[in-house]
Amino acid sequence: DTGEAFLAENSVNPELRNHGIGSLGLEYIKDFCKSQNCKSISGQKRPQTPFDEEEMKMLTHFYVKNGFQQLPNDMVKCQNTTHPRVCGL
C-alpha cells in the first residue's frame, strides 16, 4: 500500500458549475482519503470537451484553489501537509 489515491473521474454538469458542487465533492473525497490514511491524491485534468483550452484553464483554477499542485502532463496532486493553501490531507 503506497498511501496514494488516484482520482480517476471528477466532473460536474456544465450547467451546474460555479455553485461549489465540485469543491464540495472534492472535499468529501479528501476527507475520505484522509480517513484511509492516504498521503496524497493525484489525477489528470481532462476537460469534458477534448482539447478545450478554456475548460482546461478552468480545471487548473479549480484544482489549484482546492489545494492541488499543477504537475507536468496535465497531472494534479495534493499531499499531506499543514500549509493552508495546499491540500491538507
# chains A, B, ... in the order shown; residues from 1 in each chain; ligands from 1
>>> select_by_dssp(residues="chain A", states="helix (DSSP H, G or I)", output="PDB file with N, CA, C and O atoms, in the first residue's frame")
ATOM      1  N   PRO A  14     -21.890  20.902 -16.867  1.00  0.00           N
ATOM      2  CA  PRO A  14     -21.556  22.306 -17.154  1.00  0.00           C
ATOM      3  C   PRO A  14     -22.649  23.300 -16.729  1.00  0.00           C
ATOM      4  O   PRO A  14     -22.336  24.422 -16.326  1.00  0.00           O
ATOM      5  N   GLU A  15     -23.898  22.917 -16.786  1.00  0.00           N
ATOM      6  CA  GLU A  15     -24.989  23.810 -16.406  1.00  0.00           C
ATOM      7  C   GLU A  15     -25.047  24.060 -14.898  1.00  0.00           C
ATOM      8  O   GLU A  15     -25.697  25.011 -14.446  1.00  0.00           O
ATOM      9  N   LEU A  16     -24.377  23.212 -14.113  1.00  0.00           N
ATOM     10  CA  LEU A  16     -24.420  23.320 -12.654  1.00  0.00           C
ATOM     11  C   LEU A  16     -23.109  23.808 -12.056  1.00  0.00           C
ATOM     12  O   LEU A  16     -22.952  23.830 -10.830  1.00  0.00           O
ATOM     13  N   ILE A  21     -20.375  22.890  -6.158  1.00  0.00           N
ATOM     14  CA  ILE A  21     -20.649  21.453  -6.162  1.00  0.00           C
ATOM     15  C   ILE A  21     -19.351  20.653  -6.310  1.00  0.00           C
ATOM     16  O   ILE A  21     -19.120  19.692  -5.581  1.00  0.00           O
ATOM     17  N   GLY A  22     -18.511  21.050  -7.250  1.00  0.00           N
ATOM     18  CA  GLY A  22     -17.253  20.336  -7.473  1.00  0.00           C
ATOM     19  C   GLY A  22     -16.331  20.413  -6.268  1.00  0.00           C
ATOM     20  O   GLY A  22     -15.721  19.422  -5.864  1.00  0.00           O
ATOM     21  N   SER A  23     -16.237  21.602  -5.663  1.00  0.00           N
ATOM     22  CA  SER A  23     -15.393  21.769  -4.474  1.00  0.00           C
ATOM     23  C   SER A  23     -15.919  20.944  -3.312  1.00  0.00           C
ATOM     24  O   SER A  23     -15.142  20.342  -2.562  1.00  0.00           O
ATOM     25  N   LEU A  24     -17.232  20.902  -3.163  1.00  0.00           N
ATOM     26  CA  LEU A  24     -17.834  20.093  -2.095  1.00  0.00           C
ATOM     27  C   LEU A  24     -17.533  18.610  -2.315  1.00  0.00           C
ATOM     28  O   LEU A  24     -17.162  17.894  -1.377  1.00  0.00           O
ATOM     29  N   GLY A  25     -17.670  18.161  -3.551  1.00  0.00           N
ATOM     30  CA  GLY A  25     -17.354  16.768  -3.861  1.00  0.00           C
ATOM     31  C   GLY A  25     -15.894  16.447  -3.614  1.00  0.00           C
ATOM     32  O   GLY A  25     -15.548  15.396  -3.067  1.00  0.00           O
ATOM     33  N   LEU A  26     -15.019  17.366  -4.000  1.00  0.00           N
ATOM     34  CA  LEU A  26     -13.586  17.150  -3.801  1.00  0.00           C
ATOM     35  C   LEU A  26     -13.235  17.151  -2.316  1.00  0.00           C
ATOM     36  O   LEU A  26     -12.385  16.381  -1.877  1.00  0.00           O
ATOM     37  N   GLU A  27     -13.924  17.979  -1.532  1.00  0.00           N
ATOM     38  CA  GLU A  27     -13.705  17.989  -0.089  1.00  0.00           C
ATOM     39  C   GLU A  27     -14.097  16.643   0.525  1.00  0.00           C
ATOM     40  O   GLU A  27     -13.411  16.106   1.394  1.00  0.00           O
ATOM     41  N   TYR A  28     -15.199  16.080   0.045  1.00  0.00           N
ATOM     42  CA  TYR A  28     -15.628  14.753   0.507  1.00  0.00           C
ATOM     43  C   TYR A  28     -14.568  13.706   0.159  1.00  0.00           C
ATOM     44  O   TYR A  28     -14.223  12.862   0.990  1.00  0.00           O
ATOM     45  N   ILE A  29     -14.050  13.765  -1.057  1.00  0.00           N
ATOM     46  CA  ILE A  29     -13.015  12.823  -1.486  1.00  0.00           C
ATOM     47  C   ILE A  29     -11.775  12.971  -0.612  1.00  0.00           C
ATOM     48  O   ILE A  29     -11.199  11.978  -0.153  1.00  0.00           O
ATOM     49  N   LYS A  30     -11.359  14.215  -0.338  1.00  0.00           N
ATOM     50  CA  LYS A  30     -10.176  14.434   0.507  1.00  0.00           C
ATOM     51  C   LYS A  30     -10.410  13.914   1.924  1.00  0.00           C
ATOM     52  O   LYS A  30      -9.525  13.288   2.507  1.00  0.00           O
ATOM     53  N   ASP A  31     -11.615  14.149   2.465  1.00  0.00           N
ATOM     54  CA  ASP A  31     -11.921  13.645   3.811  1.00  0.00           C
ATOM     55  C   ASP A  31     -11.890  12.115   3.849  1.00  0.00           C
ATOM     56  O   ASP A  31     -11.363  11.523   4.790  1.00  0.00           O
ATOM     57  N   PHE A  32     -12.458  11.479   2.819  1.00  0.00           N
ATOM     58  CA  PHE A  32     -12.441  10.016   2.761  1.00  0.00           C
ATOM     59  C   PHE A  32     -10.998   9.506   2.682  1.00  0.00           C
ATOM     60  O   PHE A  32     -10.616   8.581   3.410  1.00  0.00           O
ATOM     61  N   CYS A  33     -10.207  10.125   1.809  1.00  0.00           N
ATOM     62  CA  CYS A  33      -8.810   9.690   1.673  1.00  0.00           C
ATOM     63  C   CYS A  33      -8.039   9.884   2.970  1.00  0.00           C
ATOM     64  O   CYS A  33      -7.225   9.044   3.345  1.00  0.00           O
ATOM     65  N   LYS A  34      -8.320  10.981   3.663  1.00  0.00           N
ATOM     66  CA  LYS A  34      -7.668  11.220   4.953  1.00  0.00           C
ATOM     67  C   LYS A  34      -8.039  10.118   5.951  1.00  0.00           C
ATOM     68  O   LYS A  34      -7.193   9.623   6.676  1.00  0.00           O
ATOM     69  N   SER A  35      -9.319   9.709   5.944  1.00  0.00           N
ATOM     70  CA  SER A  35      -9.754   8.647   6.865  1.00  0.00           C
ATOM     71  C   SER A  35      -9.103   7.311   6.532  1.00  0.00           C
ATOM     72  O   SER A  35      -9.037   6.424   7.383  1.00  0.00           O
ATOM     73  N   GLU A  53      -9.221  24.479 -24.536  1.00  0.00           N
ATOM     74  CA  GLU A  53      -8.231  25.189 -23.721  1.00  0.00           C
ATOM     75  C   GLU A  53      -8.878  26.027 -22.618  1.00  0.00           C
ATOM     76  O   GLU A  53      -8.330  26.146 -21.524  1.00  0.00           O
ATOM     77  N   GLU A  54     -10.035  26.615 -22.895  1.00  0.00           N
ATOM     78  CA  GLU A  54     -10.723  27.416 -21.878  1.00  0.00           C
ATOM     79  C   GLU A  54     -11.164  26.527 -20.706  1.00  0.00           C
ATOM     80  O   GLU A  54     -11.019  26.896 -19.542  1.00  0.00           O
ATOM     81  N   GLU A  55     -11.686  25.359 -21.011  1.00  0.00           N
ATOM     82  CA  GLU A  55     -12.083  24.433 -19.947  1.00  0.00           C
ATOM     83  C   GLU A  55     -10.860  23.943 -19.177  1.00  0.00           C
ATOM     84  O   GLU A  55     -10.911  23.783 -17.952  1.00  0.00           O
ATOM     85  N   MET A  56      -9.741  23.748 -19.871  1.00  0.00           N
ATOM     86  CA  MET A  56      -8.513  23.321 -19.192  1.00  0.00           C
ATOM     87  C   MET A  56      -8.041  24.408 -18.224  1.00  0.00           C
ATOM     88  O   MET A  56      -7.611  24.107 -17.106  1.00  0.00           O
ATOM     89  N   LYS A  57      -8.158  25.668 -18.601  1.00  0.00           N
ATOM     90  CA  LYS A  57      -7.803  26.767 -17.696  1.00  0.00           C
ATOM     91  C   LYS A  57      -8.717  26.763 -16.477  1.00  0.00           C
ATOM     92  O   LYS A  57      -8.268  26.993 -15.348  1.00  0.00           O
ATOM     93  N   MET A  58     -10.008  26.516 -16.701  1.00  0.00           N
ATOM     94  CA  MET A  58     -10.953  26.452 -15.590  1.00  0.00           C
ATOM     95  C   MET A  58     -10.625  25.289 -14.654  1.00  0.00           C
ATOM     96  O   MET A  58     -10.709  25.425 -13.428  1.00  0.00           O
ATOM     97  N   LEU A  59     -10.235  24.153 -15.225  1.00  0.00           N
ATOM     98  CA  LEU A  59      -9.854  22.999 -14.403  1.00  0.00           C
ATOM     99  C   LEU A  59      -8.610  23.304 -13.581  1.00  0.00           C
ATOM    100  O   LEU A  59      -8.528  22.937 -12.404  1.00  0.00           O
ATOM    101  N   THR A  60      -7.641  23.972 -14.197  1.00  0.00           N
ATOM    102  CA  THR A  60      -6.426  24.346 -13.474  1.00  0.00           C
ATOM    103  C   THR A  60      -6.781  25.226 -12.287  1.00  0.00           C
ATOM    104  O   THR A  60      -6.344  24.986 -11.155  1.00  0.00           O
ATOM    105  N   HIS A  61      -7.604  26.238 -12.521  1.00  0.00           N
ATOM    106  CA  HIS A  61      -8.028  27.133 -11.438  1.00  0.00           C
ATOM    107  C   HIS A  61      -8.753  26.349 -10.334  1.00  0.00           C
ATOM    108  O   HIS A  61      -8.485  26.543  -9.144  1.00  0.00           O
ATOM    109  N   PHE A  62      -9.658  25.462 -10.730  1.00  0.00           N
ATOM    110  CA  PHE A  62     -10.419  24.664  -9.772  1.00  0.00           C
ATOM    111  C   PHE A  62      -9.501  23.849  -8.865  1.00  0.00           C
ATOM    112  O   PHE A  62      -9.635  23.873  -7.632  1.00  0.00           O
ATOM    113  N   TYR A  63      -8.575  23.116  -9.460  1.00  0.00           N
ATOM    114  CA  TYR A  63      -7.714  22.253  -8.642  1.00  0.00           C
ATOM    115  C   TYR A  63      -6.749  23.053  -7.786  1.00  0.00           C
ATOM    116  O   TYR A  63      -6.524  22.718  -6.617  1.00  0.00           O
ATOM    117  N   VAL A  64      -6.200  24.144  -8.316  1.00  0.00           N
ATOM    118  CA  VAL A  64      -5.280  24.963  -7.528  1.00  0.00           C
ATOM    119  C   VAL A  64      -6.010  25.585  -6.334  1.00  0.00           C
ATOM    120  O   VAL A  64      -5.500  25.567  -5.216  1.00  0.00           O
ATOM    121  N   LYS A  65      -7.218  26.106  -6.551  1.00  0.00           N
ATOM    122  CA  LYS A  65      -7.953  26.720  -5.426  1.00  0.00           C
ATOM    123  C   LYS A  65      -8.349  25.680  -4.380  1.00  0.00           C
ATOM    124  O   LYS A  65      -8.614  26.033  -3.233  1.00  0.00           O
TER     125      LYS A  65
END
>>> select_by_dssp(residues="region 16-78 of chain A", states="strand (DSSP E)", output="MDAnalysis selection string")
chainID A and resid 40:44 69:70 75:78
>>> write_last_selection(atoms="N, CA and C atoms", output="PDB file, in the first residue's frame")
ATOM      1  N   SER A  40      -1.434  11.147  -0.300  1.00  0.00           N
ATOM      2  CA  SER A  40      -1.610  12.051  -1.437  1.00  0.00           C
ATOM      3  C   SER A  40      -2.756  11.572  -2.325  1.00  0.00           C
ATOM      4  N   ILE A  41      -3.248  12.517  -3.131  1.00  0.00           N
ATOM      5  CA  ILE A  41      -4.249  12.225  -4.154  1.00  0.00           C
ATOM      6  C   ILE A  41      -3.722  12.835  -5.446  1.00  0.00           C
ATOM      7  N   SER A  42      -3.723  12.046  -6.496  1.00  0.00           N
ATOM      8  CA  SER A  42      -3.296  12.583  -7.786  1.00  0.00           C
ATOM      9  C   SER A  42      -4.332  12.237  -8.844  1.00  0.00           C
ATOM     10  N   GLY A  43      -4.271  12.943  -9.931  1.00  0.00           N
ATOM     11  CA  GLY A  43      -5.189  12.706 -11.033  1.00  0.00           C
ATOM     12  C   GLY A  43      -4.750  13.497 -12.251  1.00  0.00           C
ATOM     13  N   GLN A  44      -5.467  13.326 -13.330  1.00  0.00           N
ATOM     14  CA  GLN A  44      -5.158  14.046 -14.562  1.00  0.00           C
ATOM     15  C   GLN A  44      -6.358  14.897 -14.949  1.00  0.00           C
ATOM     16  N   GLN A  69      -1.496  20.791  -6.547  1.00  0.00           N
ATOM     17  CA  GLN A  69      -0.366  21.335  -7.290  1.00  0.00           C
ATOM     18  C   GLN A  69      -0.489  20.918  -8.747  1.00  0.00           C
ATOM     19  N   GLN A  70      -0.123  21.827  -9.631  1.00  0.00           N
ATOM     20  CA  GLN A  70      -0.101  21.523 -11.059  1.00  0.00           C
ATOM     21  C   GLN A  70       1.209  20.814 -11.372  1.00  0.00           C
ATOM     22  N   MET A  75      -1.246  16.672 -15.034  1.00  0.00           N
ATOM     23  CA  MET A  75      -1.483  15.964 -13.778  1.00  0.00           C
ATOM     24  C   MET A  75      -1.625  16.983 -12.645  1.00  0.00           C
ATOM     25  N   VAL A  76      -2.383  16.593 -11.619  1.00  0.00           N
ATOM     26  CA  VAL A  76      -2.535  17.390 -10.408  1.00  0.00           C
ATOM     27  C   VAL A  76      -2.316  16.473  -9.211  1.00  0.00           C
ATOM     28  N   LYS A  77      -1.884  17.081  -8.099  1.00  0.00           N
ATOM     29  CA  LYS A  77      -1.612  16.266  -6.913  1.00  0.00           C
ATOM     30  C   LYS A  77      -1.777  17.120  -5.664  1.00  0.00           C
ATOM     31  N   CYS A  78      -2.375  16.528  -4.656  1.00  0.00           N
ATOM     32  CA  CYS A  78      -2.380  17.155  -3.337  1.00  0.00           C
ATOM     33  C   CYS A  78      -1.803  16.125  -2.373  1.00  0.00           C
TER      34      CYS A  78
END
